$ cat data39.txt   # compact mmCIF, C-alpha atoms and all ligand atoms
# COMPACT_ATOMS: atom_id res chain seq x y z
CA MET A 30 111.17 110.86 106.05
CA ALA A 31 110.35 111.07 109.77
CA ALA A 32 111.71 114.11 111.58
CA LYS A 33 114.88 113.48 113.53
CA PRO A 34 114.52 113.50 117.34
CA LYS A 35 115.41 116.86 118.88
CA ILE A 36 118.24 116.70 121.41
CA LEU A 37 119.67 119.45 123.58
CA VAL A 38 123.31 119.07 124.66
CA THR A 39 124.17 121.12 127.75
CA ARG A 40 127.98 121.22 127.44
CA LEU A 41 130.64 121.40 124.75
CA LEU A 42 131.55 117.80 123.84
CA PRO A 43 134.52 116.30 121.93
CA GLU A 44 134.30 117.11 118.23
CA PRO A 45 133.69 113.56 116.89
CA VAL A 46 130.82 113.16 119.37
CA GLU A 47 129.21 116.41 118.28
CA ALA A 48 129.67 115.41 114.61
CA ARG A 49 127.78 112.17 115.24
CA LEU A 50 125.06 113.95 117.17
CA LYS A 51 124.60 116.39 114.28
CA ALA A 52 124.34 113.52 111.81
CA GLN A 53 121.81 111.54 113.83
CA PHE A 54 119.65 114.15 115.53
CA ASP A 55 118.19 117.60 115.23
CA VAL A 56 120.63 118.81 117.86
CA VAL A 57 121.23 122.05 119.72
CA LEU A 58 124.80 122.21 121.03
CA ASN A 59 126.50 124.58 123.45
CA PRO A 60 129.58 125.66 121.44
CA GLY A 61 130.51 128.36 123.96
CA ASP A 62 130.22 125.83 126.81
CA SER A 63 128.28 128.40 128.83
CA GLN A 64 127.02 127.40 132.26
CA LEU A 65 123.28 126.85 131.84
CA ALA A 66 121.03 127.27 134.87
CA ALA A 67 118.41 124.57 135.45
CA ALA A 68 115.56 126.88 134.40
CA GLU A 69 117.43 127.85 131.25
CA ILE A 70 117.80 124.19 130.29
CA THR A 71 114.13 123.38 130.92
CA ASP A 72 113.08 126.49 128.91
CA LYS A 73 115.35 125.54 126.02
CA LEU A 74 113.89 122.04 126.05
CA ALA A 75 110.41 123.13 124.92
CA GLY A 76 109.51 120.81 122.05
CA PHE A 77 112.63 118.63 122.49
CA ASP A 78 112.70 114.83 122.80
CA GLY A 79 115.80 114.33 124.90
CA VAL A 80 118.70 115.97 126.70
CA LEU A 81 122.37 115.03 127.00
CA VAL A 82 123.77 116.33 130.30
CA CYS A 83 127.01 116.15 132.29
CA PRO A 84 127.61 115.78 136.06
CA THR A 85 127.68 119.60 136.19
CA GLU A 86 123.91 119.68 135.60
CA LYS A 87 121.81 118.83 138.61
CA CYS A 88 118.69 117.01 137.44
CA ASP A 89 116.80 116.94 140.73
CA ALA A 90 113.06 116.53 141.30
CA GLY A 91 112.45 120.24 140.66
CA PHE A 92 114.31 120.10 137.34
CA ILE A 93 112.46 116.97 136.29
CA SER A 94 109.06 118.38 137.18
CA ASN A 95 109.80 121.41 134.97
CA LEU A 96 110.77 119.34 131.92
CA PRO A 97 108.40 119.60 128.97
CA GLU A 98 106.35 116.42 128.47
CA THR A 99 108.00 115.85 125.08
CA VAL A 100 111.34 115.05 126.78
CA LYS A 101 111.61 111.30 127.29
CA ILE A 102 115.29 110.62 127.94
CA ILE A 103 118.15 112.09 129.99
CA ALA A 104 121.48 110.69 128.76
CA THR A 105 124.38 111.63 131.03
CA PHE A 106 127.96 111.90 129.82
CA SER A 107 129.30 110.14 132.94
CA VAL A 108 129.24 106.80 134.68
CA GLY A 109 128.04 108.46 137.90
CA TYR A 110 124.42 109.55 137.97
CA ASP A 111 124.13 110.92 141.48
CA HIS A 112 123.29 114.30 139.92
CA ILE A 113 120.04 112.82 138.56
CA ASP A 114 117.04 111.88 140.67
CA ILE A 115 116.49 108.60 138.84
CA GLU A 116 113.42 107.60 140.84
CA THR A 117 111.58 110.83 140.13
CA ALA A 118 112.66 110.48 136.51
CA ALA A 119 111.26 106.93 136.39
CA LYS A 120 107.96 108.07 137.87
CA ALA A 121 107.81 110.77 135.21
CA GLY A 122 108.36 108.10 132.54
CA LEU A 123 111.86 109.34 131.70
CA VAL A 124 114.64 106.96 130.77
CA VAL A 125 118.06 107.78 132.27
CA THR A 126 121.29 106.39 130.81
CA ASN A 127 124.99 106.64 131.77
CA THR A 128 128.37 105.72 130.21
CA PRO A 129 129.93 102.79 132.10
CA ASP A 130 132.98 100.65 131.13
CA VAL A 131 134.69 103.11 128.78
CA LEU A 132 136.21 105.18 131.60
CA THR A 133 137.21 102.30 133.84
CA ASP A 134 140.89 102.22 132.84
CA ALA A 135 141.43 105.98 132.84
CA THR A 136 139.83 106.30 136.28
CA ALA A 137 141.79 103.39 137.72
CA ASP A 138 145.00 104.91 136.32
CA THR A 139 144.12 108.13 138.13
CA ALA A 140 143.59 106.24 141.40
CA LEU A 141 147.13 104.83 141.10
CA LEU A 142 148.48 108.30 140.31
CA LEU A 143 146.82 109.60 143.48
CA MET A 144 148.12 106.67 145.50
CA LEU A 145 151.70 107.16 144.41
CA GLY A 146 151.45 110.94 144.40
CA SER A 147 150.08 111.18 147.92
CA ALA A 148 152.34 108.47 149.37
CA ARG A 149 155.57 109.73 147.84
CA GLY A 150 155.01 113.44 148.29
CA ALA A 151 154.49 114.42 144.66
CA TYR A 152 153.01 117.78 145.69
CA TRP A 153 155.67 118.86 148.16
CA GLY A 154 158.48 117.36 146.06
CA GLU A 155 157.37 119.35 143.04
CA GLN A 156 157.09 122.49 145.12
CA MET A 157 160.67 122.03 146.36
CA VAL A 158 161.97 121.86 142.82
CA ARG A 159 159.89 124.71 141.44
CA GLN A 160 160.39 127.02 144.43
CA LYS A 161 164.10 126.26 144.80
CA THR A 162 163.72 125.05 148.38
CA TRP A 163 165.48 121.83 147.40
CA GLY A 164 168.72 121.73 149.37
CA ARG A 165 171.32 118.99 149.40
CA TRP A 166 170.18 115.41 148.90
CA SER A 167 169.66 113.97 152.37
CA PRO A 168 169.41 110.38 153.67
CA THR A 169 166.81 111.36 156.25
CA THR A 170 164.54 114.04 154.88
CA PRO A 171 162.11 114.50 153.25
CA LEU A 172 160.63 111.01 153.13
CA GLY A 173 157.41 109.55 151.75
CA VAL A 174 155.53 106.35 152.49
CA ASP A 175 156.09 102.95 150.84
CA VAL A 176 153.39 101.64 148.53
CA THR A 177 154.89 98.30 147.51
CA GLY A 178 153.72 95.37 149.61
CA ARG A 179 151.20 97.37 151.66
CA ARG A 180 147.53 96.56 152.20
CA LEU A 181 145.05 98.26 149.86
CA GLY A 182 141.41 98.39 150.94
CA ILE A 183 138.97 98.99 148.10
CA PHE A 184 135.53 100.29 149.05
CA GLY A 185 133.33 99.43 146.06
CA MET A 186 134.62 96.54 143.95
CA GLY A 187 132.76 97.27 140.71
CA ARG A 188 134.48 97.73 137.37
CA ILE A 189 136.74 100.57 138.54
CA GLY A 190 137.53 98.96 141.91
CA GLN A 191 138.58 95.76 140.12
CA ALA A 192 140.77 97.73 137.70
CA VAL A 193 142.44 99.47 140.66
CA ALA A 194 143.06 96.06 142.28
CA LYS A 195 144.62 94.70 139.10
CA ARG A 196 147.01 97.64 138.88
CA ALA A 197 147.86 97.52 142.60
CA GLN A 198 148.79 93.85 142.27
CA GLY A 199 151.66 95.11 140.12
CA PHE A 200 152.93 96.81 143.29
CA ASP A 201 152.64 93.53 145.23
CA MET A 202 149.87 95.07 147.33
CA GLU A 203 147.62 92.82 149.42
CA ILE A 204 144.09 93.59 148.23
CA HIS A 205 141.11 93.74 150.60
CA TYR A 206 137.64 94.94 149.62
CA HIS A 207 134.14 95.64 150.75
CA ASN A 208 131.29 95.51 148.29
CA ARG A 209 127.54 94.94 148.53
CA SER A 210 128.19 91.32 147.53
CA GLN A 211 131.24 89.10 147.29
CA LEU A 212 132.69 88.70 143.81
CA PRO A 213 133.18 85.27 142.21
CA PRO A 214 136.78 84.00 142.54
CA GLU A 215 137.65 84.77 138.90
CA LEU A 216 136.88 88.45 139.51
CA GLU A 217 138.19 88.52 143.07
CA GLN A 218 141.67 87.52 141.88
CA GLY A 219 142.78 86.64 145.41
CA ALA A 220 141.42 89.81 147.04
CA VAL A 221 140.04 89.35 150.56
CA PHE A 222 136.31 90.14 150.93
CA HIS A 223 135.05 91.91 154.06
CA GLN A 224 131.33 91.78 154.86
CA THR A 225 131.36 95.30 156.30
CA LEU A 226 133.24 98.53 155.77
CA GLU A 227 134.10 98.39 159.50
CA ASN A 228 135.96 95.12 158.91
CA LEU A 229 137.72 96.41 155.81
CA LEU A 230 139.12 99.59 157.36
CA PRO A 231 141.61 98.10 159.88
CA ASN A 232 143.11 96.19 156.92
CA SER A 233 143.58 99.28 154.75
CA ASP A 234 146.99 100.98 154.86
CA PHE A 235 145.61 102.61 151.72
CA LEU A 236 141.87 103.06 151.26
CA SER A 237 140.64 103.57 147.71
CA ILE A 238 137.06 104.81 147.44
CA ASN A 239 135.45 103.37 144.31
CA CYS A 240 131.77 103.09 145.21
CA ALA A 241 128.88 105.05 143.74
CA SER A 242 127.50 108.01 145.64
CA THR A 243 124.19 106.82 147.07
CA PRO A 244 122.20 107.67 150.21
CA GLU A 245 123.97 104.69 151.86
CA THR A 246 127.52 105.75 150.99
CA ARG A 247 127.29 109.53 151.47
CA GLY A 248 129.47 110.64 154.36
CA VAL A 249 130.59 107.10 155.27
CA LEU A 250 134.21 108.15 155.64
CA ASN A 251 133.70 110.13 158.83
CA ALA A 252 135.32 110.48 162.28
CA GLN A 253 134.02 107.07 163.45
CA THR A 254 135.16 105.15 160.38
CA ILE A 255 138.51 106.98 160.05
CA ALA A 256 139.25 105.88 163.64
CA LEU A 257 139.14 102.26 162.39
CA LEU A 258 141.92 102.81 159.82
CA PRO A 259 145.51 101.98 160.81
CA ASP A 260 147.44 105.02 162.05
CA GLY A 261 149.14 106.73 159.12
CA ALA A 262 146.68 105.37 156.53
CA ILE A 263 146.27 107.09 153.17
CA VAL A 264 142.87 107.79 151.57
CA ILE A 265 142.35 107.93 147.80
CA ASN A 266 139.09 109.16 146.28
CA THR A 267 138.23 108.96 142.58
CA ALA A 268 134.51 108.31 143.16
CA ARG A 269 132.54 111.26 144.53
CA GLY A 270 133.42 113.93 147.09
CA ASP A 271 130.30 113.44 149.16
CA ILE A 272 131.39 109.97 150.30
CA ILE A 273 133.88 111.82 152.50
CA ASP A 274 133.13 114.02 155.50
CA ASP A 275 135.69 116.76 154.76
CA ASP A 276 135.87 118.01 158.32
CA ALA A 277 136.75 114.55 159.66
CA VAL A 278 139.31 113.86 156.92
CA ILE A 279 140.99 117.24 157.34
CA LYS A 280 141.20 116.80 161.14
CA ALA A 281 142.74 113.35 160.62
CA LEU A 282 145.25 114.80 158.13
CA TYR A 283 146.22 117.49 160.65
CA SER A 284 146.59 115.01 163.50
CA GLY A 285 148.60 112.48 161.47
CA LYS A 286 145.96 109.78 161.88
CA LEU A 287 145.94 109.97 158.09
CA ALA A 288 149.43 110.35 156.64
CA ALA A 289 148.08 111.72 153.37
CA ALA A 290 145.17 111.83 150.97
CA GLY A 291 144.94 111.76 147.19
CA LEU A 292 141.72 113.38 146.00
CA ASP A 293 140.31 113.80 142.51
CA VAL A 294 136.73 114.52 143.59
CA PHE A 295 135.34 116.86 146.22
CA ASN A 296 132.25 118.13 147.90
CA ASN A 297 131.02 121.27 146.19
CA GLU A 298 133.38 121.22 143.19
CA PRO A 299 135.09 123.47 142.22
CA ASP A 300 134.65 125.46 145.46
CA ILE A 301 136.27 122.84 147.64
CA ASP A 302 137.00 123.11 151.34
CA GLN A 303 139.67 125.82 151.40
CA ARG A 304 141.77 123.96 153.98
CA TYR A 305 142.78 121.32 151.43
CA ARG A 306 144.58 123.98 149.39
CA THR A 307 146.83 124.82 152.34
CA MET A 308 147.90 121.28 153.28
CA GLU A 309 151.19 119.69 152.25
CA ASN A 310 150.10 116.10 152.75
CA VAL A 311 147.36 116.07 150.13
CA PHE A 312 147.72 115.45 146.41
CA LEU A 313 144.83 117.13 144.62
CA LEU A 314 143.47 116.85 141.09
CA PRO A 315 140.49 118.70 139.57
CA HIS A 316 138.20 115.71 138.76
CA LEU A 317 140.45 114.35 136.02
CA GLY A 318 139.54 110.65 136.42
CA SER A 319 138.27 110.19 132.87
CA ALA A 320 140.11 113.13 131.33
CA THR A 321 141.84 111.73 128.24
CA PRO A 322 140.71 112.43 124.68
CA GLN A 323 140.12 108.75 123.92
CA THR A 324 138.08 108.21 127.07
CA ARG A 325 136.01 111.36 126.68
CA ILE A 326 135.22 110.50 123.05
CA ALA A 327 134.27 106.97 124.09
CA MET A 328 132.00 108.35 126.82
CA GLY A 329 130.29 110.65 124.34
CA MET A 330 129.86 107.85 121.81
CA ARG A 331 128.33 105.70 124.50
CA ALA A 332 125.86 108.45 125.36
CA VAL A 333 124.97 108.76 121.67
CA ASP A 334 124.57 104.95 121.41
CA ASN A 335 122.01 105.17 124.21
CA LEU A 336 120.09 107.98 122.51
CA GLU A 337 120.08 106.13 119.19
CA GLN A 338 118.89 102.91 120.79
CA PHE A 339 116.13 104.74 122.63
CA PHE A 340 114.84 106.56 119.55
CA ALA A 341 115.03 103.32 117.55
CA GLY A 342 112.50 101.91 120.00
CA GLN A 343 115.01 99.70 121.84
CA ALA A 344 115.90 99.64 125.53
CA PRO A 345 119.17 101.62 125.78
CA GLY A 346 122.09 99.42 126.81
CA ASP A 347 122.98 101.69 129.73
CA GLN A 348 119.57 102.49 131.17
CA VAL A 349 120.01 103.01 134.93
CA ASN A 350 116.38 103.36 135.93
CA HIS A 351 113.20 101.55 135.11
CA THR A 352 110.31 103.65 134.01
CA LEU A 353 106.96 102.71 135.52
C1 LIG A 401 131.87 110.10 135.85
O1 LIG A 401 131.82 109.65 134.70
O2 LIG A 401 131.00 109.90 136.69
C2 LIG A 401 133.07 110.91 136.18
O3 LIG A 401 133.07 111.36 137.46
C3 LIG A 401 133.28 112.01 135.18
O4 LIG A 401 134.56 111.73 134.77
$ encode --input "data39.txt" --output "structure tokens" --more "lines below"
Ligand code: DGY
Amino acid sequence: MAAKPKILVTRLLPEPVEARLKAQFDVVLNPGDSQLAAAEITDKLAGFDGVLVCPTEKCDAGFISNLPETVKIIATFSVGYDHIDIETAAKAGLVVTNTPDVLTDATADTALLLMLGSARGAYWGEQMVRQKTWGRWSPTTPLGVDVTGRRLGIFGMGRIGQAVAKRAQGFDMEIHYHNRSQLPPELEQGAVFHQTLENLLPNSDFLSINCASTPETRGVLNAQTIALLPDGAIVINTARGDIIDDDAVIKALYSGKLAAAGLDVFNNEPDIDQRYRTMENVFLLPHLGSATPQTRIAMGMRAVDNLEQFFAGQAPGDQVNHTL
């Protein structure tokens, strides 16, 4: 019987996923979920065939150049793969895979939670109850912002963007979007396409960021683009923190140009810009977009599917790069 491929898993994964990995591979897990430095991972990988990583592991050009030659696949437990230098990986003959589709609904649900939470003051309302600063009910204060019937701009109308649109239609929102290309009518579902982000922004009472983090999208929500939003707009981010210029967003939140923000992802997680922690008009979550047991198991199973396909000599279904 041929030896099973050797796989290193960098983080603790849901139990059913680890059970399947143990059955299919000669696997080294990380039961203590310790934080492994890049050099530790590349050292551990001596003689291994593949590695299963998470967005917490930066697989940059330096990491890839230190990988033993036996390693042929990096499977990430995430839909986003901005933590992996996929071009360098391709040049090194490494296949990179991700876990799309299975986290679409959970992430879109989180976007709606952020939208409602930021618009209706979920943070400050909760604080009032818990800290007993809740006085008499009042007709005039405190007040949030209406969601129903407002314009939602979606930047990035892929699977998650479309799922956000579908949910927002339940709130009678008028959907606008900008995407690299216009969707066919059956996917657009009446949403209004804008050729440029600059055209989308003035139509976005709420802006939901749902694009991938790429060199083109990094920092695109900055002082110039925020100025194009309607006064009192609300920004929602479930994609990646680096799409936002924190300084510009925080200034706009202080000035009231932005009424609020709902953020699940940040630059430099978990050491986020300290100012966010002090602001009342932000609703913050610690990167929980896909954080349900069902979704996390499905993500892990998808990563294992990709590893199995690869070692069976097939092209993995979720390969995101093309080896040369
Ligand atoms: C992803 O899959 O890219 C998420 O950010 C992790 O939930």
$ residues_near_ligand --input "data39.txt" --ligand "ligand LIG 401 (chain A)" --cutoff "12 Å" --atoms "only C-alpha atoms and all ligand atoms" --output "CSV table (one decimal) with C-alpha atoms, keeping the file's coordinate frame"
chain,number,residue,atom,x,y,z
A,82,VAL,CA,123.8,116.3,130.3
A,83,CYS,CA,127.0,116.2,132.3
A,84,PRO,CA,127.6,115.8,136.1
A,85,THR,CA,127.7,119.6,136.2
A,104,ALA,CA,121.5,110.7,128.8
A,105,THR,CA,124.4,111.6,131.0
A,106,PHE,CA,128.0,111.9,129.8
A,107,SER,CA,129.3,110.1,132.9
A,108,VAL,CA,129.2,106.8,134.7
A,109,GLY,CA,128.0,108.5,137.9
A,110,TYR,CA,124.4,109.6,138.0
A,111,ASP,CA,124.1,110.9,141.5
A,112,HIS,CA,123.3,114.3,139.9
A,113,ILE,CA,120.0,112.8,138.6
A,126,THR,CA,121.3,106.4,130.8
A,127,ASN,CA,125.0,106.6,131.8
A,128,THR,CA,128.4,105.7,130.2
A,129,PRO,CA,129.9,102.8,132.1
A,130,ASP,CA,133.0,100.6,131.1
A,131,VAL,CA,134.7,103.1,128.8
A,132,LEU,CA,136.2,105.2,131.6
A,133,THR,CA,137.2,102.3,133.8
A,134,ASP,CA,140.9,102.2,132.8
A,135,ALA,CA,141.4,106.0,132.8
A,136,THR,CA,139.8,106.3,136.3
A,137,ALA,CA,141.8,103.4,137.7
A,139,THR,CA,144.1,108.1,138.1
A,189,ILE,CA,136.7,100.6,138.5
A,239,ASN,CA,135.4,103.4,144.3
A,240,CYS,CA,131.8,103.1,145.2
A,241,ALA,CA,128.9,105.0,143.7
A,242,SER,CA,127.5,108.0,145.6
A,266,ASN,CA,139.1,109.2,146.3
A,267,THR,CA,138.2,109.0,142.6
A,268,ALA,CA,134.5,108.3,143.2
A,269,ARG,CA,132.5,111.3,144.5
A,270,GLY,CA,133.4,113.9,147.1
A,293,ASP,CA,140.3,113.8,142.5
A,294,VAL,CA,136.7,114.5,143.6
A,295,PHE,CA,135.3,116.9,146.2
A,298,GLU,CA,133.4,121.2,143.2
A,315,PRO,CA,140.5,118.7,139.6
A,316,HIS,CA,138.2,115.7,138.8
A,317,LEU,CA,140.4,114.4,136.0
A,318,GLY,CA,139.5,110.6,136.4
A,319,SER,CA,138.3,110.2,132.9
A,320,ALA,CA,140.1,113.1,131.3
A,321,THR,CA,141.8,111.7,128.2
A,322,PRO,CA,140.7,112.4,124.7
A,324,THR,CA,138.1,108.2,127.1
A,325,ARG,CA,136.0,111.4,126.7
A,326,ILE,CA,135.2,110.5,123.0
A,327,ALA,CA,134.3,107.0,124.1
A,328,MET,CA,132.0,108.4,126.8
A,329,GLY,CA,130.3,110.6,124.3
A,331,ARG,CA,128.3,105.7,124.5
A,332,ALA,CA,125.9,108.4,125.4
$ atom_distance --input "data39.txt" --atom1 "atom CA of Gly291 of chain A" --atom2 "atom CA of Ser147 of chain A"
5.2 Å
$ residues_near_point --input "data39.txt" --point "(128.7, 129.5, 132.7)" --cutoff "12 Å" --atoms "only C-alpha atoms" --output "ChimeraX atom specification"
/A:39-41,59-67,69,85-86
$ closest_residue --input "data39.txt" --among "A:Ile115, A:Ile273, A:Ala68, A:Ala290" --to "Ala140 of chain A" --atoms "only C-alpha atoms"
A:Ala290
$ closest_residue --input "data39.txt" --among "A:Phe235, A:Phe340, A:Phe77, A:Phe184" --to "Ala289 of chain A" --atoms "all atoms listed in the file"
A:Phe235
$ residues_around --input "data39.txt" --residues "Gly91 of chain A" --least-positions-apart "3" --cutoff "10 Å" --atoms "only C-alpha atoms" --output "list in words"
Ala67, Ala68, Lys87, Cys88, Ser94, Asn95, Leu96, Asp114 and Thr117 of chain A
$ residues_around --input "data39.txt" --residues "Gly285 of chain A" --least-positions-apart "3" --cutoff "9 Å" --atoms "only C-alpha atoms" --output "compact mmCIF listing (two decimals) with C-alpha atoms, in the frame of the given file"
# COMPACT_ATOMS: atom_id res chain seq x y z
CA ASP A 260 147.44 105.02 162.05
CA GLY A 261 149.14 106.73 159.12
CA ALA A 262 146.68 105.37 156.53
CA LYS A 280 141.20 116.80 161.14
CA ALA A 281 142.74 113.35 160.62
CA LEU A 282 145.25 114.80 158.13
CA ALA A 288 149.43 110.35 156.64
CA ALA A 289 148.08 111.72 153.37
$ atom_distance --input "data39.txt" --atom1 "atom CA of Leu81 of chain A" --atom2 "atom CA of Gln343 of chain A"
17.8 Å
$ closest_residue --input "data39.txt" --among "A:Thr170, A:Thr307, A:Gln191, A:Gln338" --to "His207 of chain A" --atoms "only C-alpha atoms"
A:Gln191
$ atom_distance --input "data39.txt" --atom1 "atom CA of Leu230 of chain A" --atom2 "atom CA of Gly182 of chain A"
6.9 Å
$ axis_aligned_box --input "data39.txt" --around "segment 165-168 of chain A" --padding-each-side "5 Å" --output "AutoDock Vina command-line options"
--center_x 170.4 --center_y 114.7 --center_z 151.3 --size_x 11.9 --size_y 18.6 --size_z 14.8
$ closest_residue --input "data39.txt" --among "A:Ala197, A:Leu123, A:Ala118, A:Met186" --to "Asp138 of chain A" --atoms "only C-alpha atoms"
A:Ala197
$ residues_around --input "data39.txt" --residues "Ala151 of chain A" --least-positions-apart "2" --cutoff "12 Å" --atoms "all atoms listed in the file" --output "MDAnalysis selection string"
chainID A and resid 142:149 153:158 171:174 289:291 309:314
